Each structure stands twice: as C-alpha cells, then as structure tokens.
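Okay, my_file-v5.pdb now, which holds PDB, C-alpha atoms, pLDDT in the B column:
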ATOM      1  CA  ASP A  49      95.614  91.672  74.988  1.00 67.00           C
ATOM      2  CA  THR A  50      93.115  88.990  75.880  1.00 71.00           C
ATOM      3  CA  THR A  51      89.915  87.369  74.668  1.00 71.00           C
ATOM      4  CA  LEU A  52      89.085  86.186  78.184  1.00 73.00           C
ATOM      5  CA  VAL A  53      87.147  89.349  79.013  1.00 71.00           C
ATOM      6  CA  THR A  54      85.283  90.210  75.814  1.00 72.00           C
ATOM      7  CA  TRP A  55      85.142  86.908  73.962  1.00 74.00           C
ATOM      8  CA  PRO A  56      85.048  86.437  70.997  1.00 78.00           C
ATOM      9  CA  GLU A  57      86.618  89.844  70.512  1.00 77.00           C
ATOM     10  CA  SER A  58      89.834  90.808  72.255  1.00 74.00           C
ATOM     11  CA  THR A  59      90.543  93.748  74.486  1.00 71.00           C
ATOM     12  CA  SER A  60      93.653  95.496  75.756  1.00 69.00           C
ATOM     13  CA  ILE A  61      94.084  95.934  79.466  1.00 74.00           C
ATOM     14  CA  VAL A  62      96.821  98.195  80.796  1.00 77.00           C
ATOM     15  CA  LEU A  63      98.085  97.400  84.279  1.00 82.00           C
ATOM     16  CA  ILE A  64      98.072 100.758  86.047  1.00 86.00           C
ATOM     17  CA  ASP A  65     100.305  99.675  88.942  1.00 92.00           C
ATOM     18  CA  PRO A  66     103.102  97.711  87.251  1.00 94.00           C
ATOM     19  CA  ILE A  67     105.574  98.256  90.099  1.00 95.00           C
ATOM     20  CA  ASN A  68     103.470  95.840  92.138  1.00 95.00           C
ATOM     21  CA  ILE A  69     104.168  92.925  89.797  1.00 94.00           C
ATOM     22  CA  LEU A  70     107.502  92.004  91.410  1.00 94.00           C
ATOM     23  CA  PRO A  71     106.290  91.633  95.023  1.00 95.00           C
ATOM     24  CA  TYR A  72     103.179  89.832  93.797  1.00 95.00           C
ATOM     25  CA  MET A  73     105.216  87.393  91.693  1.00 96.00           C
ATOM     26  CA  LEU A  74     107.525  86.685  94.640  1.00 97.00           C
ATOM     27  CA  GLY A  75     104.611  85.732  96.882  1.00 97.00           C
ATOM     28  CA  HIS A  76     102.841  83.892  94.072  1.00 97.00           C
ATOM     29  CA  ALA A  77     105.934  81.743  93.528  1.00 97.00           C
ATOM     30  CA  ILE A  78     105.935  80.837  97.218  1.00 96.00           C
ATOM     31  CA  GLY A  79     102.256  80.042  97.669  1.00 96.00           C
ATOM     32  CA  GLY A  80      99.951  81.041  94.830  1.00 96.00           C
ATOM     33  CA  PRO A  81      97.744  84.081  94.146  1.00 94.00           C
ATOM     34  CA  ALA A  82      96.670  84.725  97.757  1.00 94.00           C
ATOM     35  CA  ALA A  83     100.289  84.592  98.907  1.00 97.00           C
ATOM     36  CA  GLY A  84     101.191  86.991  96.084  1.00 96.00           C
ATOM     37  CA  TYR A  85      98.567  89.484  97.202  1.00 95.00           C
ATOM     38  CA  ASN A  86      99.610  89.157 100.836  1.00 94.00           C
ATOM     39  CA  MET A  87     103.307  89.546  99.970  1.00 96.00           C
ATOM     40  CA  LEU A  88     102.502  92.747  98.106  1.00 95.00           C
ATOM     41  CA  LEU A  89     100.438  93.997 101.041  1.00 94.00           C
ATOM     42  CA  TYR A  90     103.139  93.095 103.587  1.00 94.00           C
ATOM     43  CA  LEU A  91     106.002  94.663 101.628  1.00 96.00           C
ATOM     44  CA  SER A  92     103.880  97.763 101.018  1.00 94.00           C
ATOM     45  CA  HIS A  93     103.338  98.072 104.788  1.00 93.00           C
ATOM     46  CA  VAL A  94     107.087  97.777 105.354  1.00 95.00           C
ATOM     47  CA  LEU A  95     107.773 100.421 102.704  1.00 96.00           C
ATOM     48  CA  LEU A  96     105.180 102.728 104.238  1.00 94.00           C
ATOM     49  CA  GLY A  97     106.690 102.283 107.722  1.00 95.00           C
ATOM     50  CA  VAL A  98     110.207 103.013 106.466  1.00 96.00           C
ATOM     51  CA  ALA A  99     108.889 106.041 104.600  1.00 96.00           C
ATOM     52  CA  GLY A 100     107.124 107.273 107.753  1.00 95.00           C
ATOM     53  CA  VAL A 101     110.384 107.047 109.725  1.00 97.00           C
ATOM     54  CA  ALA A 102     112.310 108.829 106.955  1.00 97.00           C
ATOM     55  CA  LEU A 103     109.770 111.637 106.662  1.00 94.00           C
ATOM     56  CA  ALA A 104     109.591 112.128 110.434  1.00 96.00           C
ATOM     57  CA  ARG A 105     113.381 112.332 110.647  1.00 96.00           C
ATOM     58  CA  ARG A 106     113.533 114.705 107.688  1.00 93.00           C
ATOM     59  CA  VAL A 107     111.199 117.194 109.345  1.00 91.00           C
ATOM     60  CA  GLY A 108     112.643 116.750 112.847  1.00 94.00           C
ATOM     61  CA  GLY A 109     109.857 114.589 114.254  1.00 94.00           C
ATOM     62  CA  ASP A 110     109.764 111.421 116.312  1.00 96.00           C
ATOM     63  CA  PRO A 111     110.338 108.351 114.071  1.00 95.00           C
ATOM     64  CA  LEU A 112     107.846 106.289 116.099  1.00 95.00           C
ATOM     65  CA  ILE A 113     105.147 108.887 115.447  1.00 95.00           C
ATOM     66  CA  GLY A 114     106.173 108.819 111.776  1.00 94.00           C
ATOM     67  CA  VAL A 115     105.594 105.056 111.582  1.00 93.00           C
ATOM     68  CA  VAL A 116     102.224 105.304 113.306  1.00 93.00           C
ATOM     69  CA  ALA A 117     101.095 108.245 111.167  1.00 91.00           C
ATOM     70  CA  ALA A 118     102.141 106.450 107.990  1.00 91.00           C
ATOM     71  CA  GLN A 119     100.461 103.188 108.935  1.00 88.00           C
ATOM     72  CA  ILE A 120      97.099 104.897 109.525  1.00 89.00           C
ATOM     73  CA  CYS A 121      97.046 106.472 106.049  1.00 81.00           C
ATOM     74  CA  PRO A 122      93.313 106.154 105.163  1.00 81.00           C
ATOM     75  CA  PRO A 123      93.673 105.110 101.496  1.00 76.00           C
ATOM     76  CA  PHE A 124      96.191 102.472 102.477  1.00 79.00           C
ATOM     77  CA  ILE A 125      93.996 101.094 105.249  1.00 83.00           C
ATOM     78  CA  ALA A 126      90.932 100.881 102.990  1.00 83.00           C
ATOM     79  CA  SER A 127      92.703  99.275 100.026  1.00 82.00           C
ATOM     80  CA  PRO A 128      93.074  95.690 101.288  1.00 84.00           C
ATOM     81  CA  ALA A 129      89.294  95.454 101.724  1.00 82.00           C
ATOM     82  CA  THR A 130      88.705  96.452  98.107  1.00 83.00           C
ATOM     83  CA  GLY A 131      91.585  94.546  96.519  1.00 82.00           C
ATOM     84  CA  MET A 132      92.755  97.711  94.772  1.00 84.00           C
ATOM     85  CA  THR A 133      96.515  97.231  94.812  1.00 90.00           C
ATOM     86  CA  GLU A 134      97.171 100.566  93.125  1.00 87.00           C
ATOM     87  CA  GLU A 135      96.700 102.266  96.475  1.00 85.00           C
ATOM     88  CA  PHE A 136      99.405 100.178  98.140  1.00 91.00           C
ATOM     89  CA  GLY A 137     102.092 102.596  96.917  1.00 92.00           C
ATOM     90  CA  ALA A 138     101.582 105.327  99.513  1.00 92.00           C
ATOM     91  CA  GLY A 139     105.099 104.665 100.809  1.00 94.00           C
ATOM     92  CA  TRP A 140     106.556 105.822  97.492  1.00 96.00           C
ATOM     93  CA  VAL A 141     104.774 109.167  97.970  1.00 96.00           C
ATOM     94  CA  ALA A 142     106.346 109.734 101.389  1.00 95.00           C
ATOM     95  CA  LEU A 143     109.804 108.722 100.125  1.00 97.00           C
ATOM     96  CA  PHE A 144     109.392 111.137  97.216  1.00 98.00           C
ATOM     97  CA  CYS A 145     108.552 113.948  99.673  1.00 96.00           C
ATOM     98  CA  VAL A 146     111.617 113.163 101.809  1.00 96.00           C
ATOM     99  CA  THR A 147     113.881 113.201  98.774  1.00 97.00           C
ATOM    100  CA  LEU A 148     112.350 116.339  97.256  1.00 96.00           C
ATOM    101  CA  LEU A 149     112.754 118.220 100.546  1.00 94.00           C
ATOM    102  CA  SER A 150     116.364 117.082 100.781  1.00 94.00           C
ATOM    103  CA  PHE A 151     117.064 118.068  97.173  1.00 95.00           C
ATOM    104  CA  LEU A 152     115.571 121.535  97.577  1.00 93.00           C
ATOM    105  CA  GLU A 153     117.688 122.137 100.659  1.00 89.00           C
ATOM    106  CA  ARG A 154     121.030 120.826  99.392  1.00 88.00           C
ATOM    107  CA  ARG A 155     120.543 120.707  95.576  1.00 87.00           C
ATOM    108  CA  ARG A 156     122.763 117.686  95.019  1.00 94.00           C
ATOM    109  CA  LEU A 157     122.319 116.283  91.525  1.00 95.00           C
ATOM    110  CA  TRP A 158     121.954 112.640  92.587  1.00 96.00           C
ATOM    111  CA  THR A 159     119.256 113.609  95.097  1.00 96.00           C
ATOM    112  CA  GLY A 160     117.344 115.443  92.373  1.00 96.00           C
ATOM    113  CA  ILE A 161     117.606 112.431  90.081  1.00 97.00           C
ATOM    114  CA  LEU A 162     116.418 110.172  92.898  1.00 98.00           C
ATOM    115  CA  ALA A 163     113.470 112.508  93.556  1.00 98.00           C
ATOM    116  CA  ALA A 164     112.475 112.341  89.870  1.00 98.00           C
ATOM    117  CA  VAL A 165     112.771 108.539  89.903  1.00 98.00           C
ATOM    118  CA  LEU A 166     110.664 108.321  93.070  1.00 98.00           C
ATOM    119  CA  LEU A 167     108.053 110.635  91.552  1.00 98.00           C
ATOM    120  CA  SER A 168     107.792 108.297  88.576  1.00 98.00           C
ATOM    121  CA  LEU A 169     107.592 105.273  90.908  1.00 97.00           C
ATOM    122  CA  CYS A 170     104.597 106.940  92.546  1.00 97.00           C
ATOM    123  CA  TRP A 171     102.882 106.939  89.151  1.00 96.00           C
ATOM    124  CA  TYR A 172     103.999 103.366  88.391  1.00 96.00           C
ATOM    125  CA  SER A 173     102.436 102.263  91.679  1.00 95.00           C
ATOM    126  CA  GLY A 174      99.071 103.729  90.659  1.00 92.00           C
ATOM    127  CA  PRO A 175      97.496 106.954  89.409  1.00 89.00           C
ATOM    128  CA  TYR A 176      96.214 107.920  92.847  1.00 89.00           C
ATOM    129  CA  ASN A 177      99.747 107.891  94.213  1.00 93.00           C
ATOM    130  CA  GLY A 178     101.031 109.818  91.211  1.00 95.00           C
ATOM    131  CA  LEU A 179      98.409 112.524  91.625  1.00 94.00           C
ATOM    132  CA  TRP A 180      98.984 112.637  95.366  1.00 94.00           C
ATOM    133  CA  ALA A 181     102.760 112.979  94.915  1.00 96.00           C
ATOM    134  CA  GLY A 182     102.302 115.635  92.257  1.00 95.00           C
ATOM    135  CA  LEU A 183     100.005 117.733  94.426  1.00 96.00           C
ATOM    136  CA  ILE A 184     102.196 117.421  97.499  1.00 96.00           C
ATOM    137  CA  GLY A 185     105.267 118.178  95.357  1.00 95.00           C
ATOM    138  CA  LEU A 186     103.556 121.355  94.135  1.00 92.00           C
ATOM    139  CA  LEU A 187     102.863 122.379  97.732  1.00 92.00           C
ATOM    140  CA  ILE A 188     106.480 121.734  98.693  1.00 92.00           C
ATOM    141  CA  ALA A 189     107.616 123.761  95.669  1.00 90.00           C
ATOM    142  CA  ALA A 190     105.211 126.594  96.539  1.00 88.00           C
ATOM    143  CA  GLY A 191     106.566 126.606 100.082  1.00 86.00           C
ATOM    144  CA  SER A 192     110.054 127.114  98.719  1.00 80.00           C
ATOM    145  CA  ALA A 193     109.005 129.667  96.084  1.00 68.00           C
ATOM    146  CA  ARG A 194     110.619 132.492  98.030  1.00 72.00           C
ATOM    147  CA  LYS A 195     113.898 131.185  96.665  1.00 73.00           C
ATOM    148  CA  ILE A 196     113.612 131.106  92.876  1.00 73.00           C
ATOM    149  CA  ARG A 197     116.450 128.608  92.555  1.00 74.00           C
ATOM    150  CA  ARG A 198     114.521 126.122  94.676  1.00 81.00           C
ATOM    151  CA  LEU A 199     111.439 126.592  92.536  1.00 84.00           C
ATOM    152  CA  GLY A 200     113.464 125.831  89.408  1.00 87.00           C
ATOM    153  CA  ALA A 201     114.968 122.768  91.072  1.00 89.00           C
ATOM    154  CA  ALA A 202     111.493 121.506  92.017  1.00 91.00           C
ATOM    155  CA  ALA A 203     110.330 122.053  88.430  1.00 91.00           C
ATOM    156  CA  ALA A 204     113.309 120.054  87.150  1.00 94.00           C
ATOM    157  CA  VAL A 205     112.312 117.145  89.397  1.00 96.00           C
ATOM    158  CA  GLY A 206     108.743 117.362  88.104  1.00 95.00           C
ATOM    159  CA  VAL A 207     109.875 117.342  84.481  1.00 96.00           C
ATOM    160  CA  GLY A 208     112.241 114.434  85.172  1.00 96.00           C
ATOM    161  CA  GLY A 209     109.449 112.447  86.820  1.00 96.00           C
ATOM    162  CA  MET A 210     107.145 113.245  83.916  1.00 96.00           C
ATOM    163  CA  VAL A 211     109.659 112.026  81.339  1.00 97.00           C
ATOM    164  CA  LEU A 212     110.201 108.780  83.245  1.00 97.00           C
ATOM    165  CA  THR A 213     106.429 108.263  83.422  1.00 96.00           C
ATOM    166  CA  LEU A 214     105.778 108.778  79.700  1.00 95.00           C
ATOM    167  CA  PRO A 215     105.806 105.042  78.808  1.00 93.00           C
ATOM    168  CA  LEU A 216     103.054 104.344  81.334  1.00 92.00           C
ATOM    169  CA  ALA A 217     101.065 107.411  80.293  1.00 90.00           C
ATOM    170  CA  ASN A 218     101.362 106.391  76.639  1.00 89.00           C
ATOM    171  CA  ALA A 219     100.090 102.886  77.427  1.00 85.00           C
ATOM    172  CA  ILE A 220      97.145 104.173  79.438  1.00 82.00           C
ATOM    173  CA  LEU A 221      96.163 106.900  76.986  1.00 81.00           C
ATOM    174  CA  ARG A 222      96.773 105.116  73.682  1.00 81.00           C
ATOM    175  CA  GLU A 223      96.716 101.362  74.170  1.00 74.00           C
ATOM    176  CA  ARG A 224      93.679 100.940  76.411  1.00 69.00           C
ATOM    177  CA  HIS A 225      90.503  99.742  74.779  1.00 65.00           C
ATOM    178  CA  GLN A 226      88.313 102.737  74.018  1.00 68.00           C
ATOM    179  CA  ASP A 227      85.320 101.321  75.933  1.00 67.00           C
ATOM    180  CA  LEU A 228      87.203 100.991  79.225  1.00 62.00           C
ATOM    181  CA  PRO A 229      86.699 103.770  81.785  1.00 58.00           C
TER     182      PRO A 229
END
Written as structure tokens, that's how I'd like the structure from this file.
Amino acid sequence: DTTLVTWPESTSIVLIDPINILPYMLGHAIGGPAAGYNMLLYLSHVLLGVAGVALARRVGGDPLIGVVAAQICPPFIASPATGMTEEFGAGWVALFCVTLLSFLERRRLWTGILAAVLLSLCWYSGPYNGLWAGLIGLLIAAGSARKIRRLGAAAAVGVGGMVLTLPLANAILRERHQDLP
C-alpha cells in the first residue's frame, strides 16, 4: 500500500513477479537499483542457459544447441528493453518442462513434487511464464494421454502447482486496487 502513486489517496500494488525480489536485492545491495536490475537480468540469463542444457539433454539433443535456443527466446530478448522483469523467468518454464517430462516417464514422487513447485515458480516469476508453462504442460500431458496413468500424473502436478500458486492468485485477484488493469 502506498500514497506515492495516487496521493492523497492510497493504492495497493501487487508485485506480480515476487521471485525476482531476491536477485534484485542482491544486486541492489552491491551497487544500487541499476545493479539490482542487472543482477536479475544476469542470473535470469544463467538460469535460462542451464534450463536450455537440461531440456536438450532430456530430449536427447545437443546441450550447446539447447543453450543457444534458450538464449534466443524472443520474450526474454525483448524484456530488457522494456524493463518488464516478469518476462525474465523463461528459464523456470524450461526447467518445469524437463521435470514434468521426467516425472511422466518415471513417476517418482519427489520429481512430481518438484514439477509442481517449478510450475508455481513459473507463476511467481510472472503471469506470462505461468500461462506459458501451463499451456506447454497441457501439450506434454496431451502427448502422453495414450497412457491414462501419465495423464493423471500430469493432472496431479497441475493441481499441486495451482495450490502452491493460490497465495499469489489471491493477492492479484482480491488485493489489487480495482482501478488497476
């Protein structure tokens, strides 16, 4: 809540990418706001590169191609020019896909829990990433629909991710000022 935006009244602003606070604060502590933004951008690039390697390995591809493909992700490339940090979380989407694919193949409980956590982290890194992960997760689930047990496992991951995302959804849907878009 702040009066700095709509003085003399106050307004509530909900941060839609709260996962980005930690990297930003680390950089900010080192060198101020610009360093915070750059730290977030740098660590997001690292995460995206690691995710590209992991996804390439998961599907039997060349890890170098995975890094390159991940680093040229159009939303991620465009985001630094706009300052929209909620698009910096594309790496979480790729890590979610890797984990979901692994869970559907092996159905190990901890992998399913990790997939649900990563799905929620996609949402906590911004709504675009959450929607992207959800749509890709649905496609992965549809691709495994020939085995009903895999479809149920994918649904369990989706429900788990949804439950973990409820606090953010509640804040966005109920605590935002009604005049905000």
Using only C-alpha atoms, list the residues that have an atom at most 12 Å from (101.9, 118.9, 96.7), coordinates as in the file, as a list in words.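 Applying the cut-off with only C-alpha atoms, one gets Val141, Ala142, Phe144, Cys145, Leu148, Leu149, Leu167, Asn177, Gly178, Leu179, Trp180, Ala181, Gly182, Leu183, Ile184, Gly185, Leu186, Leu187, Ile188, Ala189, Ala190, Gly191, Ser192, Ala202 and Gly206 of chain A.
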For the atom pair CA of Tyr72 in chain A and CA of Leu88 in chain A, what is the interatomic distance in Å to one decimal place?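 Rounded to one decimal, the two atoms are 5.2 Å apart.
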Pick out the closest residue to Lys195 in chain A from this set: A:Glu153, A:Gly139, A:Asn218, A:Asn86. Count only C-alpha atoms.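 The answer is A:Glu153, which sits nearest to Lys195 in chain A.
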Using all atoms listed in the file, which residue out of A:Val62, A:Ala217, A:Ala118, A:Ile67 lies closest to Leu169 in chain A? A:Ile67
Tell me, in Å to one decimal, how far CA of His93 in chain A is from CA of Gln119 in chain A.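 Taking CA of His93 in chain A and CA of Gln119 in chain A, their separation equals 7.2 Å.
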For CA of Ala219 in chain A and CA of Phe124 in chain A, the interatomic separation in Å (one decimal):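 According to the coordinates, CA of Ala219 in chain A and CA of Phe124 in chain A are separated by 25.4 Å.
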Got a sec to resolve the PyMOL selection byres ((chain A and resi 207) around 12) on this structure and send the residues as a ChimeraX atom specification? /A:160-161,163-165,167-168,182,185,200-206,208-214
With all atoms listed in the file as the counted atoms, please give the residues lying no more than 12 Å from Thr51 in chain A, apart from itself and same-chain residues fewer than 6 positions off, as a CSV table (one decimal) with C-alpha atoms, keeping the file's coordinate frame.
chain,number,residue,atom,x,y,z
A,57,GLU,CA,86.6,89.8,70.5
A,58,SER,CA,89.8,90.8,72.3
A,59,THR,CA,90.5,93.7,74.5
A,60,SER,CA,93.7,95.5,75.8
A,61,ILE,CA,94.1,95.9,79.5
Would you please work out which residue, of A:Leu63, A:Gly97, A:Cys170, A:Arg194, is nearest to Ile120 in chain A when using only C-alpha atoms?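 Selected residue with least distance to Ile120 in chain A: A:Gly97.
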Going by the chain IDs and residue numbers used in this file, which residues fall under the PyMOL selection byres ((chain A and resi 104) around 12)? Write them as a list in words.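 Checked against the file, the PyMOL selection byres ((chain A and resi 104) around 12) matches Gly97, Val98, Ala99, Gly100, Val101, Ala102, Leu103, Arg105, Arg106, Val107, Gly108, Gly109, Asp110, Pro111, Leu112, Ile113, Gly114, Val115, Val116, Ala117, Ala118, Ala142, Leu143, Cys145 and Val146 of chain A.
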In terms of the shortest atom-to-atom distance over all atoms listed in the file, which of A:Phe151, A:Tyr172, A:Trp140, A:Pro128 is closest to Ile69 in chain A?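 When distances to Ile69 in chain A are compared using all atoms listed in the file, the smallest one comes from A:Tyr172.
Nearest-residue note for Phe136 in chain A: choosing from A:Trp171, A:Arg198, A:Leu216, A:Glu223, the minimum distance belongs to A:Trp171, counting all atoms listed in the file.
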Which polymer residues, whether protein, DNA or RNA, lie within 9 Å of the coordinate (94.7, 105.4, 98.9) when you count all atoms listed in the file? List them as JSON, numbers by chain, using the chain letters and numbers from the file. {"A": [121, 122, 123, 124, 125, 126, 127, 132, 134, 135, 136, 137, 138, 176, 177]}
Selected residue of minimal separation from Leu199 in chain A among A:Leu152, A:Leu166, A:Ala82, A:Ile220, counting all atoms listed in the file: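 Between A:Leu152, A:Leu166, A:Ala82, A:Ile220, the residue approaching Leu199 in chain A most closely is A:Leu152.
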Restore N, CA and C atoms in range 134-156 of chain A and list the result as a PDB file, in the frame of the given file.
ATOM      1  N   GLU A 134      96.542  99.312  93.543  1.00 87.00           N
ATOM      2  CA  GLU A 134      97.171 100.566  93.125  1.00 87.00           C
ATOM      3  C   GLU A 134      97.254 101.593  94.250  1.00 87.00           C
ATOM      4  N   GLU A 135      96.581 101.346  95.344  1.00 85.00           N
ATOM      5  CA  GLU A 135      96.700 102.266  96.475  1.00 85.00           C
ATOM      6  C   GLU A 135      97.743 101.806  97.486  1.00 85.00           C
ATOM      7  N   PHE A 136      98.390 100.688  97.226  1.00 91.00           N
ATOM      8  CA  PHE A 136      99.405 100.178  98.140  1.00 91.00           C
ATOM      9  C   PHE A 136     100.701 100.976  98.063  1.00 91.00           C
ATOM     10  N   GLY A 137     100.840 101.876  97.122  1.00 92.00           N
ATOM     11  CA  GLY A 137     102.092 102.596  96.917  1.00 92.00           C
ATOM     12  C   GLY A 137     102.234 103.896  97.679  1.00 92.00           C
ATOM     13  N   ALA A 138     101.498 104.079  98.749  1.00 92.00           N
ATOM     14  CA  ALA A 138     101.582 105.327  99.513  1.00 92.00           C
ATOM     15  C   ALA A 138     102.990 105.565 100.067  1.00 92.00           C
ATOM     16  N   GLY A 139     103.726 104.512 100.322  1.00 94.00           N
ATOM     17  CA  GLY A 139     105.099 104.665 100.809  1.00 94.00           C
ATOM     18  C   GLY A 139     105.996 105.376  99.811  1.00 94.00           C
ATOM     19  N   TRP A 140     105.756 105.132  98.516  1.00 96.00           N
ATOM     20  CA  TRP A 140     106.556 105.822  97.492  1.00 96.00           C
ATOM     21  C   TRP A 140     106.322 107.333  97.556  1.00 96.00           C
ATOM     22  N   VAL A 141     105.096 107.739  97.879  1.00 96.00           N
ATOM     23  CA  VAL A 141     104.774 109.167  97.970  1.00 96.00           C
ATOM     24  C   VAL A 141     105.579 109.816  99.098  1.00 96.00           C
ATOM     25  N   ALA A 142     105.603 109.176 100.256  1.00 95.00           N
ATOM     26  CA  ALA A 142     106.346 109.734 101.389  1.00 95.00           C
ATOM     27  C   ALA A 142     107.846 109.761 101.100  1.00 95.00           C
ATOM     28  N   LEU A 143     108.375 108.718 100.472  1.00 97.00           N
ATOM     29  CA  LEU A 143     109.804 108.722 100.125  1.00 97.00           C
ATOM     30  C   LEU A 143     110.126 109.810  99.106  1.00 97.00           C
ATOM     31  N   PHE A 144     109.213 110.037  98.164  1.00 98.00           N
ATOM     32  CA  PHE A 144     109.392 111.137  97.216  1.00 98.00           C
ATOM     33  C   PHE A 144     109.460 112.477  97.956  1.00 98.00           C
ATOM     34  N   CYS A 145     108.566 112.688  98.915  1.00 96.00           N
ATOM     35  CA  CYS A 145     108.552 113.948  99.673  1.00 96.00           C
ATOM     36  C   CYS A 145     109.857 114.146 100.435  1.00 96.00           C
ATOM     37  N   VAL A 146     110.350 113.087 101.081  1.00 96.00           N
ATOM     38  CA  VAL A 146     111.617 113.163 101.809  1.00 96.00           C
ATOM     39  C   VAL A 146     112.735 113.582 100.861  1.00 96.00           C
ATOM     40  N   THR A 147     112.796 112.939  99.720  1.00 97.00           N
ATOM     41  CA  THR A 147     113.881 113.201  98.774  1.00 97.00           C
ATOM     42  C   THR A 147     113.753 114.583  98.149  1.00 97.00           C
ATOM     43  N   LEU A 148     112.539 115.005  97.820  1.00 96.00           N
ATOM     44  CA  LEU A 148     112.350 116.339  97.256  1.00 96.00           C
ATOM     45  C   LEU A 148     112.761 117.413  98.267  1.00 96.00           C
ATOM     46  N   LEU A 149     112.353 117.258  99.515  1.00 94.00           N
ATOM     47  CA  LEU A 149     112.754 118.220 100.546  1.00 94.00           C
ATOM     48  C   LEU A 149     114.274 118.283 100.688  1.00 94.00           C
ATOM     49  N   SER A 150     114.908 117.135 100.672  1.00 94.00           N
ATOM     50  CA  SER A 150     116.364 117.082 100.781  1.00 94.00           C
ATOM     51  C   SER A 150     117.021 117.746  99.576  1.00 94.00           C
ATOM     52  N   PHE A 151     116.498 117.480  98.386  1.00 95.00           N
ATOM     53  CA  PHE A 151     117.064 118.068  97.173  1.00 95.00           C
ATOM     54  C   PHE A 151     116.920 119.587  97.173  1.00 95.00           C
ATOM     55  N   LEU A 152     115.778 120.087  97.588  1.00 93.00           N
ATOM     56  CA  LEU A 152     115.571 121.535  97.577  1.00 93.00           C
ATOM     57  C   LEU A 152     116.468 122.235  98.592  1.00 93.00           C
ATOM     58  N   GLU A 153     116.812 121.540  99.661  1.00 89.00           N
ATOM     59  CA  GLU A 153     117.688 122.137 100.659  1.00 89.00           C
ATOM     60  C   GLU A 153     119.151 122.120 100.219  1.00 89.00           C
ATOM     61  N   ARG A 154     119.599 120.983  99.688  1.00 88.00           N
ATOM     62  CA  ARG A 154     121.030 120.826  99.392  1.00 88.00           C
ATOM     63  C   ARG A 154     121.370 120.904  97.906  1.00 88.00           C
ATOM     64  N   ARG A 155     120.394 120.671  97.043  1.00 87.00           N
ATOM     65  CA  ARG A 155     120.543 120.707  95.576  1.00 87.00           C
ATOM     66  C   ARG A 155     121.715 119.858  95.086  1.00 87.00           C
ATOM     67  N   ARG A 156     121.784 118.636  95.538  1.00 94.00           N
ATOM     68  CA  ARG A 156     122.763 117.686  95.019  1.00 94.00           C
ATOM     69  C   ARG A 156     122.121 116.957  93.844  1.00 94.00           C
TER      70      ARG A 156
END
